[in-house]
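Asks: Sharing a structure, written as structure tokens. Questions coming.
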Amino acid sequence: MKPAFIAACLCVTVLCPLSGAKNSDDLPLYGFTAASSQVQRDWESKFRAIPSPQIMRTSMQRLSARPHHVGSLYDKQNAEWILSQFKSWGLNAEIETFDVLFPTPKERVLEMIEPKRYVAGLQEPKVAGDPTSDQQSEQLPSYNAYSIDGDVTGPLVYVNYGLPKDYEELDRLGVSVKGAVVIARYGNSWRGIKPKVAAEHGAVGCIIYSDPRDDGYFEGDVFPEGPMRNESGVQRGSVMDMPIYPGDPTTPGVGAKGDVKRLALKDIPTLTKIPTLPISYGDAKPLLAALKGPLAPESFRGALPITYHLGPGPARVHLKVQFNWDIKPVYDVIARIPGAEQPDQWIVRGNHHDGWVNGAEDPISGQIALLEEARALGELLKRGWKPKRTIIYCAWDGEEPMLLGSTEWAEYHGDELKQHAAIYINSDGNGRGYLEAQGSHALEKFVNGVARDITDPEKNISVWKRGQAERLVAARGRPQDKQERKEARTRADLRIGALGSGSDYTAFIDHLGVASLNVSYGGEDQGGIYHSIYDDFYWFTHFSDTDFVYGRTLAQTIGTMVLRFADADVLPYDFTDFADTVHKYNDELQSFLKDRQEEVRERNQNLEDGVFSATSDPRRPQVAPAREEVPPFISFAPLDNAQASVARSAEHYARAIKAFTEHCGNGGTACASEQAMQGINDKLIQTERRLTSAQGLPRRPWYEHLIYAPGFYTGYGAKTLPGVREGLEEKHYQEAEKEITRVAQALTDYAGAIEEAAGELERVTR
Ligand SMILES: [Zn+2]
């Protein structure tokens, strides 16, 4: 997953020119006194000189040489190899094992039985020249993990991306999916949303295919001539209902270890309700070509050389899938560097090591950066560096099926992590281009600070300046809005996006309330091999970060983050960017409600005036939408007030930390004892936790963060202030109002915690 880095700019002057930003070396690092800043910069530049593209290349070749999915021999061998690497660098490391439910296919059948017979091949053939594409005996066949077993036959209906709004459109066109097998295309949501929404609408089966419009020939040359998906490429992937809870489906909320109590298969709420299977566009084309019925709306049409119809039928398909429902081990490799001064404050860094097949890009391109960081830290230790805080490096297993290794580890160690974890930094693959970062907005200033100190390997300017430039012009073919351009010139920090889900940060931020980041480079590399057998060393070294210079940049970026968080005098959280971001979210919600009210009012008027029947083409009739109650006014006042108090406390804290770092030499100990500093930092660690509620979100108690969550109907995509936003979107207005009170309470507590920290910093500052 590579969502866009929605960020902005840190310029001191209004309209600062790209070349005119202040040289960041002149400024003390945020969270450091002037003296400790100098020492820190010295260690950081030594660190950044170590990661080696050549070593990364060799490591990728080793780790992606054979398929290494959960339960495979090579998955275990990779874990053991990573362990031996950590140890060879002098790190204290071990493998921690969990036992998780991991289904693999026993039988997969997809055939069209009317109007003519077609049997889907469901095979990805080897490609000449690509040496690992012929490891058939070890490859997992293409399938969707956590689909239920099933054997269904029905008319086919094409549902576009299979999102709720697509079904609204189908309703208008009089197309029902009741009793039908739907075919949806990949994209625009977490794939598990597609069977979920299809089942909610009465479908009996779900096929998901990759349309060439989205990652095939429409976008570029296909593999092996180019990087895009060829006609046989299939995207594997989990379809579990991850917005309910991720991790081992049999042990929600607890670590899947030893004799833990497990849910029976029939009681697991997150398996799909209908059988689901992914296919290539080679296999999808005959099915889609056999559909009649209404012409697909323009937004539904892909790039196959056919006229897209919706059905139902006359195509009828038979779909049968059966799985081995086995419990399999996952091997998390965990390395620890104990902190010298504040060992009970933890910096946690992770990337998964399991792949769907050979997984060179996903996840090994991120894993090799993590390994180079760990090697470099081992090197610094030999040269005498001692981190103030404890650093924990985690190579997760079982991310692909459902964030298994990271979630079980986070659940098993939940109490300790809630107490000790200051930050979790994730990556999950890497490419070429721009810095992409999402995460807790208390870390936005910190991310910007690091981005200013990292050099882009293609342009020799800071990755921050490149990020700013990208927000000023449509550098990645993404239209920039006016507000974004304005902010890129004038706002102190480039904005970072919010975290949804789809990678190993999920349990840390959403379940435990640990301030988290997800970091990668991308935007200049295209690809259509995601979760196929062609995501391998050959593909990566021909079409992605071929010389591994962005691999090195990722190691430099995240390694610098780790060092800086581990060694700061005052943990470098900042609350002003957070306050500004919450303000923005609140504004969005208030205008969303206004827009909805207006839209419903107008639609009801149109219904009364007969507008829909007057415009319905008798030869292509459309069904008028149903009349709806106009959404009520609800009170945002508690949120407005809480947001204002967060903003006030954030300003207060900003003054306090500035005074502290300016006046207190010797890493702060000139003003306060080491013990007092530890107390202040312990308090700061707890601030993000105040944004959680043990009750969790409505209908999904595992998700405890009240500011960020994956959308119930988007999955990967973040919903911010999720209880309120989804209440409004899903028309639970009373619930939205209740959630406003809950979020407001959490924000008020958060403001209180910030006040306390500010007060303590002021007390010790002389
Ligand atoms: Zn991944």
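Chain lettering (A, B, ...) mirrors the order of the structure tokens, residue numbering begins at 1 for each chain separately, and ligand numbering begins at 1 in order of display.
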Using only C-alpha atoms and all ligand atoms, which residues have at least one atom no more than 9 Å from ligand 1? Output them as a PyMOL selection string.
Replies: chain A and resi 1+351-356+359+361-364+366+399-400+427-429+502-504+531
Asks: Could you write out that same residue set with N, CA, C and O atoms as a compact mmCIF listing (two decimals), in the first residue's frame?
Replies:
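As written to disk, again25.txt reads:
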# COMPACT_ATOMS: atom_id res chain seq x y z
N MET A 1 0.84 -1.19 0.00
CA MET A 1 0.00 0.00 0.00
C MET A 1 0.87 1.23 0.00
O MET A 1 1.79 1.35 0.78
N ASN A 351 8.96 -3.78 10.10
CA ASN A 351 8.60 -4.04 8.69
C ASN A 351 8.39 -5.54 8.61
O ASN A 351 9.09 -6.30 9.28
N HIS A 352 7.43 -6.00 7.82
CA HIS A 352 7.23 -7.45 7.79
C HIS A 352 8.22 -8.14 6.86
O HIS A 352 8.81 -7.51 5.98
N HIS A 353 8.44 -9.44 7.09
CA HIS A 353 9.34 -10.20 6.22
C HIS A 353 8.61 -11.23 5.37
O HIS A 353 9.14 -11.72 4.38
N ASP A 354 7.36 -11.59 5.70
CA ASP A 354 6.63 -12.58 4.89
C ASP A 354 6.12 -11.92 3.61
O ASP A 354 5.82 -10.73 3.59
N GLY A 355 6.02 -12.72 2.55
CA GLY A 355 5.46 -12.21 1.29
C GLY A 355 4.32 -13.12 0.85
O GLY A 355 4.15 -14.22 1.39
N TRP A 356 3.54 -12.67 -0.15
CA TRP A 356 2.54 -13.60 -0.70
C TRP A 356 3.23 -14.67 -1.54
O TRP A 356 2.85 -15.83 -1.54
N GLY A 359 7.75 -11.78 -3.14
CA GLY A 359 7.65 -10.52 -2.41
C GLY A 359 8.90 -9.67 -2.36
O GLY A 359 9.34 -9.28 -1.28
N GLU A 361 9.33 -6.52 -3.77
CA GLU A 361 8.92 -5.16 -3.41
C GLU A 361 8.17 -5.18 -2.08
O GLU A 361 8.51 -4.44 -1.15
N ASP A 362 7.15 -6.01 -2.01
CA ASP A 362 6.32 -6.09 -0.81
C ASP A 362 6.56 -7.43 -0.15
O ASP A 362 6.04 -8.45 -0.60
N PRO A 363 7.36 -7.48 0.90
CA PRO A 363 7.84 -6.40 1.77
C PRO A 363 9.35 -6.19 1.74
O PRO A 363 9.86 -5.36 2.47
N ILE A 364 10.10 -6.98 0.93
CA ILE A 364 11.54 -7.03 1.15
C ILE A 364 12.23 -5.68 0.90
O ILE A 364 13.20 -5.34 1.56
N GLY A 366 11.37 -2.92 1.87
CA GLY A 366 11.36 -2.21 3.15
C GLY A 366 12.19 -2.94 4.20
O GLY A 366 12.89 -2.33 5.00
N GLU A 399 2.25 -10.61 7.96
CA GLU A 399 1.54 -9.35 7.71
C GLU A 399 0.51 -9.53 6.61
O GLU A 399 -0.61 -9.03 6.69
N GLU A 400 0.89 -10.27 5.57
CA GLU A 400 0.04 -10.35 4.38
C GLU A 400 -1.35 -10.94 4.66
O GLU A 400 -2.35 -10.37 4.24
N SER A 427 7.53 0.56 8.09
CA SER A 427 7.61 0.68 6.64
C SER A 427 7.10 -0.65 6.11
O SER A 427 6.98 -1.63 6.84
N ASP A 428 6.75 -0.67 4.82
CA ASP A 428 6.20 -1.88 4.22
C ASP A 428 6.47 -1.78 2.73
O ASP A 428 5.58 -1.54 1.94
N GLY A 429 7.75 -1.93 2.36
CA GLY A 429 8.11 -1.78 0.97
C GLY A 429 8.58 -0.37 0.68
O GLY A 429 8.39 0.55 1.49
N GLY A 502 -3.83 -1.43 6.85
CA GLY A 502 -3.21 -2.10 5.71
C GLY A 502 -1.76 -2.42 5.97
O GLY A 502 -1.10 -2.99 5.12
N SER A 503 -1.25 -2.07 7.14
CA SER A 503 0.09 -2.54 7.47
C SER A 503 0.27 -2.62 8.99
O SER A 503 -0.67 -2.36 9.75
N ASP A 504 1.49 -2.97 9.40
CA ASP A 504 1.73 -3.39 10.78
C ASP A 504 1.63 -2.31 11.85
O ASP A 504 1.74 -2.61 13.03
N HIS A 531 1.36 -8.48 -5.12
CA HIS A 531 0.81 -9.76 -4.64
C HIS A 531 0.69 -10.83 -5.73
O HIS A 531 -0.17 -11.71 -5.65
Asks: Tell me, which residues of range 172-419 of chain A carry DSSP helix (DSSP H, G or I), written as number ranges by chain?
Replies: A: 172, 193-200, 212-215, 265-267, 281-289, 298-300, 360-382, 399-402, 404-412, 414-419
Asks: From a DSSP pass on the backbone, collect the residues of range 160-255 of chain A flagged as strand (DSSP E or B) and hand them back as a list in words.
Replies: Val181, Val182, Ile183, Ala184, Arg185, Gly205, Cys206, Ile207, Ile208, Tyr209, Val222, Met228, Gly237 and Ser238 of chain A
Asks: For the residues selected in the previous step, produce a file with C-alpha atoms as a PDB file, in the first residue's frame.
Replies:
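Writing done, so here's part-v2.pdb:
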ATOM      1  CA  VAL A 181     -22.268 -13.774  -8.230  1.00  0.00           C
ATOM      2  CA  VAL A 182     -20.736 -10.314  -8.490  1.00  0.00           C
ATOM      3  CA  ILE A 183     -17.548  -9.435 -10.313  1.00  0.00           C
ATOM      4  CA  ALA A 184     -15.783  -6.378  -8.885  1.00  0.00           C
ATOM      5  CA  ARG A 185     -12.553  -4.789  -9.947  1.00  0.00           C
ATOM      6  CA  GLY A 205     -20.386 -15.083  -4.419  1.00  0.00           C
ATOM      7  CA  CYS A 206     -17.704 -12.530  -5.242  1.00  0.00           C
ATOM      8  CA  ILE A 207     -14.986 -12.487  -7.909  1.00  0.00           C
ATOM      9  CA  ILE A 208     -12.352  -9.743  -7.837  1.00  0.00           C
ATOM     10  CA  TYR A 209     -10.230  -9.026 -10.911  1.00  0.00           C
ATOM     11  CA  VAL A 222       3.126  -5.036 -19.030  1.00  0.00           C
ATOM     12  CA  MET A 228       2.560  -3.351 -15.215  1.00  0.00           C
ATOM     13  CA  GLY A 237      -4.725 -10.945  -0.670  1.00  0.00           C
ATOM     14  CA  SER A 238      -6.725 -11.124   2.477  1.00  0.00           C
TER      15      SER A 238
END
Asks: I'd like the neighbourhood of Pro572 in chain A as a ChimeraX atom specification, where a residue qualifies if any of its atoms comes within 12 Å (using only C-alpha atoms), though same-chain residues fewer than 2 positions away should be ignored.
Replies: /A:29-33,422-423,441-450,515,561-570,574-575,653-654,657-658,661,681,684-685
Asks: Counting only C-alpha atoms, figure out which residue out of A:Glu470, A:Glu524, A:Ala624, A:Glu111 gets nearest to Glu169 in chain A.
Replies: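 Checking each candidate against Glu169 in chain A, we get A:Ala624 as the closest.
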Asks: With only C-alpha atoms as the atoms that count, which of A:Pro243, A:Gly339, A:Gly90, A:Gly405 lies nearest to Ala718 in chain A?
Replies: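 Looking only at the distances to Ala718 in chain A, the closest residue turns out to be A:Pro243.
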Asks: Pick out the closest residue to Pro314 in chain A from this set: A:Gly255, A:Pro164, A:Pro115, A:Pro710. Count only C-alpha atoms.
Replies: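 Going through A:Gly255, A:Pro164, A:Pro115, A:Pro710 one by one, the smallest distance to Pro314 in chain A is for A:Pro115.
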Asks: Neighbours of Thr765 in chain A within 9 Å (only C-alpha atoms; same-chain residues fewer than 5 positions away dropped), as a list in words?
Replies: Ala656, Ala659, Phe660, Thr661, His663, Cys664, Gly668, Cys671, Ala672 and Glu760 of chain A
Asks: Can you spit out the residues from that selection as a PDB file, in the first residue's frame, using C-alpha atoms?
Replies:
ATOM      1  CA  ALA A 656       7.666  25.766  27.442  1.00  0.00           C
ATOM      2  CA  ALA A 659      12.383  27.934  26.840  1.00  0.00           C
ATOM      3  CA  PHE A 660      13.600  24.633  28.229  1.00  0.00           C
ATOM      4  CA  THR A 661      15.796  23.691  25.280  1.00  0.00           C
ATOM      5  CA  HIS A 663      18.066  27.585  28.705  1.00  0.00           C
ATOM      6  CA  CYS A 664      18.894  24.151  29.974  1.00  0.00           C
ATOM      7  CA  GLY A 668      18.538  19.374  30.223  1.00  0.00           C
ATOM      8  CA  CYS A 671      17.999  22.282  35.042  1.00  0.00           C
ATOM      9  CA  ALA A 672      16.525  18.984  36.093  1.00  0.00           C
ATOM     10  CA  GLU A 760       6.586  20.684  34.532  1.00  0.00           C
TER      11      GLU A 760
END
Asks: As an exercise, work out the distance from CA of Val549 in chain A to CA of Gly522 in chain A in Å and give it to one decimal place.
Replies: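 These atoms are spaced 12.4 Å apart.
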Asks: Go through A:Ala555, A:Ile680, A:Ala290, A:Ala65 one by one, measure the shortest atom-to-atom distance of each to Pro131 in chain A using only C-alpha atoms, and give the residue with the smallest value.
Replies: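 Nearest to Pro131 in chain A: A:Ala65.
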Asks: My list of candidates is A:Leu417, A:Arg690, A:Glu219, A:Leu287. Which is closest to Asp525 in chain A when distances are computed with only C-alpha atoms?
Replies: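 Among A:Leu417, A:Arg690, A:Glu219, A:Leu287, it is A:Glu219 that comes nearest to Asp525 in chain A.
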Asks: Nearest to Gln136 in chain A among A:Gln123, A:Asn430, A:Thr104, A:Ser520, with distances taken over only C-alpha atoms: which residue is it?
Replies: A:Gln123
Asks: Neighbouring residues of His201 in chain A were defined as those with any atom within 12 Å, considering only C-alpha atoms; residues of the same chain fewer than 3 positions away were excluded. Please report them as a ChimeraX atom specification.
Replies: /A:159,162-164,166-168,170-171,175-182,194-198,204-206,273-274
Asks: Output N, CA and C atoms for every residue in the selection just made, as a short mmCIF file (atom, residue, chain, number, x, y, z; two decimals), in the first residue's frame.
Replies:
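The result, stored in selection_12.cif:
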data_model
loop_
_atom_site.label_atom_id
_atom_site.label_comp_id
_atom_site.auth_asym_id
_atom_site.auth_seq_id
_atom_site.Cartn_x
_atom_site.Cartn_y
_atom_site.Cartn_z
N VAL A 159 -20.08 -4.98 -10.76
CA VAL A 159 -20.38 -3.97 -9.74
C VAL A 159 -19.29 -2.91 -9.61
N GLY A 162 -17.24 -2.18 -6.41
CA GLY A 162 -17.97 -2.89 -5.36
C GLY A 162 -18.11 -2.11 -4.06
N LEU A 163 -18.16 -0.78 -4.16
CA LEU A 163 -18.30 0.07 -2.98
C LEU A 163 -19.77 0.46 -2.80
N PRO A 164 -20.16 0.91 -1.60
CA PRO A 164 -21.57 1.26 -1.38
C PRO A 164 -22.12 2.20 -2.46
N ASP A 166 -21.32 2.39 -5.55
CA ASP A 166 -21.55 1.65 -6.80
C ASP A 166 -22.91 0.95 -6.76
N TYR A 167 -23.27 0.45 -5.57
CA TYR A 167 -24.58 -0.22 -5.45
C TYR A 167 -25.72 0.78 -5.53
N GLU A 168 -25.46 2.01 -5.05
CA GLU A 168 -26.50 3.04 -5.21
C GLU A 168 -26.76 3.26 -6.69
N LEU A 170 -26.21 1.10 -9.11
CA LEU A 170 -26.89 -0.08 -9.65
C LEU A 170 -28.39 -0.01 -9.34
N ASP A 171 -28.72 0.44 -8.13
CA ASP A 171 -30.14 0.59 -7.76
C ASP A 171 -30.84 1.53 -8.73
N VAL A 175 -30.67 -2.59 -11.28
CA VAL A 175 -29.93 -3.86 -11.27
C VAL A 175 -29.75 -4.34 -9.84
N SER A 176 -30.22 -5.58 -9.58
CA SER A 176 -30.08 -6.15 -8.24
C SER A 176 -29.04 -7.28 -8.28
N VAL A 177 -28.33 -7.45 -7.17
CA VAL A 177 -27.35 -8.54 -7.11
C VAL A 177 -27.86 -9.69 -6.25
N LYS A 178 -29.13 -9.65 -5.85
CA LYS A 178 -29.67 -10.74 -5.01
C LYS A 178 -29.52 -12.07 -5.72
N GLY A 179 -28.91 -13.03 -5.05
CA GLY A 179 -28.73 -14.37 -5.62
C GLY A 179 -27.69 -14.44 -6.72
N ALA A 180 -26.99 -13.32 -6.98
CA ALA A 180 -26.02 -13.29 -8.09
C ALA A 180 -24.60 -13.47 -7.57
N VAL A 181 -23.70 -13.84 -8.49
CA VAL A 181 -22.27 -13.77 -8.23
C VAL A 181 -21.82 -12.43 -8.80
N VAL A 182 -21.18 -11.61 -7.97
CA VAL A 182 -20.74 -10.31 -8.49
C VAL A 182 -19.29 -10.41 -8.94
N LYS A 194 -15.11 -5.46 -0.64
CA LYS A 194 -15.91 -5.85 -1.81
C LYS A 194 -16.85 -7.02 -1.51
N PRO A 195 -16.32 -8.16 -0.97
CA PRO A 195 -17.27 -9.22 -0.61
C PRO A 195 -18.21 -8.83 0.53
N LYS A 196 -17.73 -7.95 1.42
CA LYS A 196 -18.59 -7.54 2.54
C LYS A 196 -19.82 -6.78 2.03
N VAL A 197 -19.60 -5.80 1.15
CA VAL A 197 -20.72 -5.00 0.65
C VAL A 197 -21.59 -5.85 -0.29
N ALA A 198 -20.95 -6.73 -1.07
CA ALA A 198 -21.71 -7.61 -1.96
C ALA A 198 -22.67 -8.48 -1.15
N VAL A 204 -24.32 -13.95 -3.68
CA VAL A 204 -23.96 -15.25 -3.12
C VAL A 204 -22.48 -15.59 -3.32
N GLY A 205 -21.80 -14.84 -4.18
CA GLY A 205 -20.39 -15.08 -4.42
C GLY A 205 -19.74 -13.82 -4.93
N CYS A 206 -18.41 -13.75 -4.83
CA CYS A 206 -17.70 -12.53 -5.24
C CYS A 206 -16.41 -12.89 -5.96
N LYS A 273 -18.74 -13.44 4.26
CA LYS A 273 -20.02 -14.13 4.35
C LYS A 273 -20.28 -14.95 3.09
N ILE A 274 -19.54 -14.64 2.02
CA ILE A 274 -19.72 -15.35 0.75
C ILE A 274 -18.36 -15.75 0.18
#
Asks: With only C-alpha atoms as the counted atoms, please give the residues lying no more than 7 Å from His583 in chain A, apart from itself and same-chain residues fewer than 4 positions off, as a count of residues only.
Replies: 3
Asks: Need the shell around Val519 in chain A: protein/DNA/RNA residues with any atom at most 9 Å away, counting only C-alpha atoms. Skip same-chain ones fewer than 2 positions apart. Format as a list in words?
Replies: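 These residues fall inside the cut-off: Ile425, Asn426, Ser427, Asp428, Asn430, Leu435, Glu436, Ala437, Gln438, Gly439, Leu517, Tyr521, Leu554, Thr557 and Ile558 of chain A.
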Asks: Go ahead and save the picked residues with N, CA and C atoms, as a compact mmCIF listing (two decimals), in the first residue's frame.
Replies:
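The result, written out as out_12.txt:
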# COMPACT_ATOMS: atom_id res chain seq x y z
N ILE A 425 7.50 3.07 14.42
CA ILE A 425 7.77 3.52 13.04
C ILE A 425 7.75 2.31 12.12
N ASN A 426 6.87 2.37 11.14
CA ASN A 426 6.66 1.24 10.23
C ASN A 426 7.13 1.58 8.82
N SER A 427 7.53 0.56 8.09
CA SER A 427 7.61 0.68 6.64
C SER A 427 7.10 -0.65 6.11
N ASP A 428 6.75 -0.67 4.82
CA ASP A 428 6.20 -1.88 4.22
C ASP A 428 6.47 -1.78 2.73
N ASN A 430 9.24 -0.22 -0.47
CA ASN A 430 9.82 1.06 -0.83
C ASN A 430 9.95 1.14 -2.35
N LEU A 435 9.19 11.37 -0.51
CA LEU A 435 8.93 10.88 0.84
C LEU A 435 7.42 10.82 1.06
N GLU A 436 6.97 9.67 1.52
CA GLU A 436 5.56 9.50 1.85
C GLU A 436 5.50 9.13 3.32
N ALA A 437 4.77 9.91 4.08
CA ALA A 437 4.66 9.62 5.52
C ALA A 437 3.25 9.89 5.97
N GLN A 438 2.74 8.97 6.76
CA GLN A 438 1.45 9.19 7.41
C GLN A 438 1.63 8.86 8.87
N GLY A 439 0.78 9.43 9.70
CA GLY A 439 0.86 9.06 11.10
C GLY A 439 0.22 10.03 12.04
N LEU A 517 4.06 6.07 12.90
CA LEU A 517 4.33 6.60 11.56
C LEU A 517 4.45 5.45 10.58
N TYR A 521 9.30 5.73 0.25
CA TYR A 521 9.49 6.60 -0.91
C TYR A 521 8.70 6.02 -2.06
N LEU A 554 15.72 5.46 2.45
CA LEU A 554 14.72 5.05 3.44
C LEU A 554 15.41 4.65 4.76
N THR A 557 16.47 7.79 6.43
CA THR A 557 15.34 8.55 6.96
C THR A 557 14.84 7.93 8.26
N ILE A 558 14.52 6.64 8.21
CA ILE A 558 13.93 6.03 9.40
C ILE A 558 14.97 5.86 10.49
Asks: How far is it from CA of Lys76 in chain A to CA of Ala256 in chain A, in Å with one decimal?
Replies: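 Taking CA of Lys76 in chain A and CA of Ala256 in chain A, their separation equals 17.9 Å.
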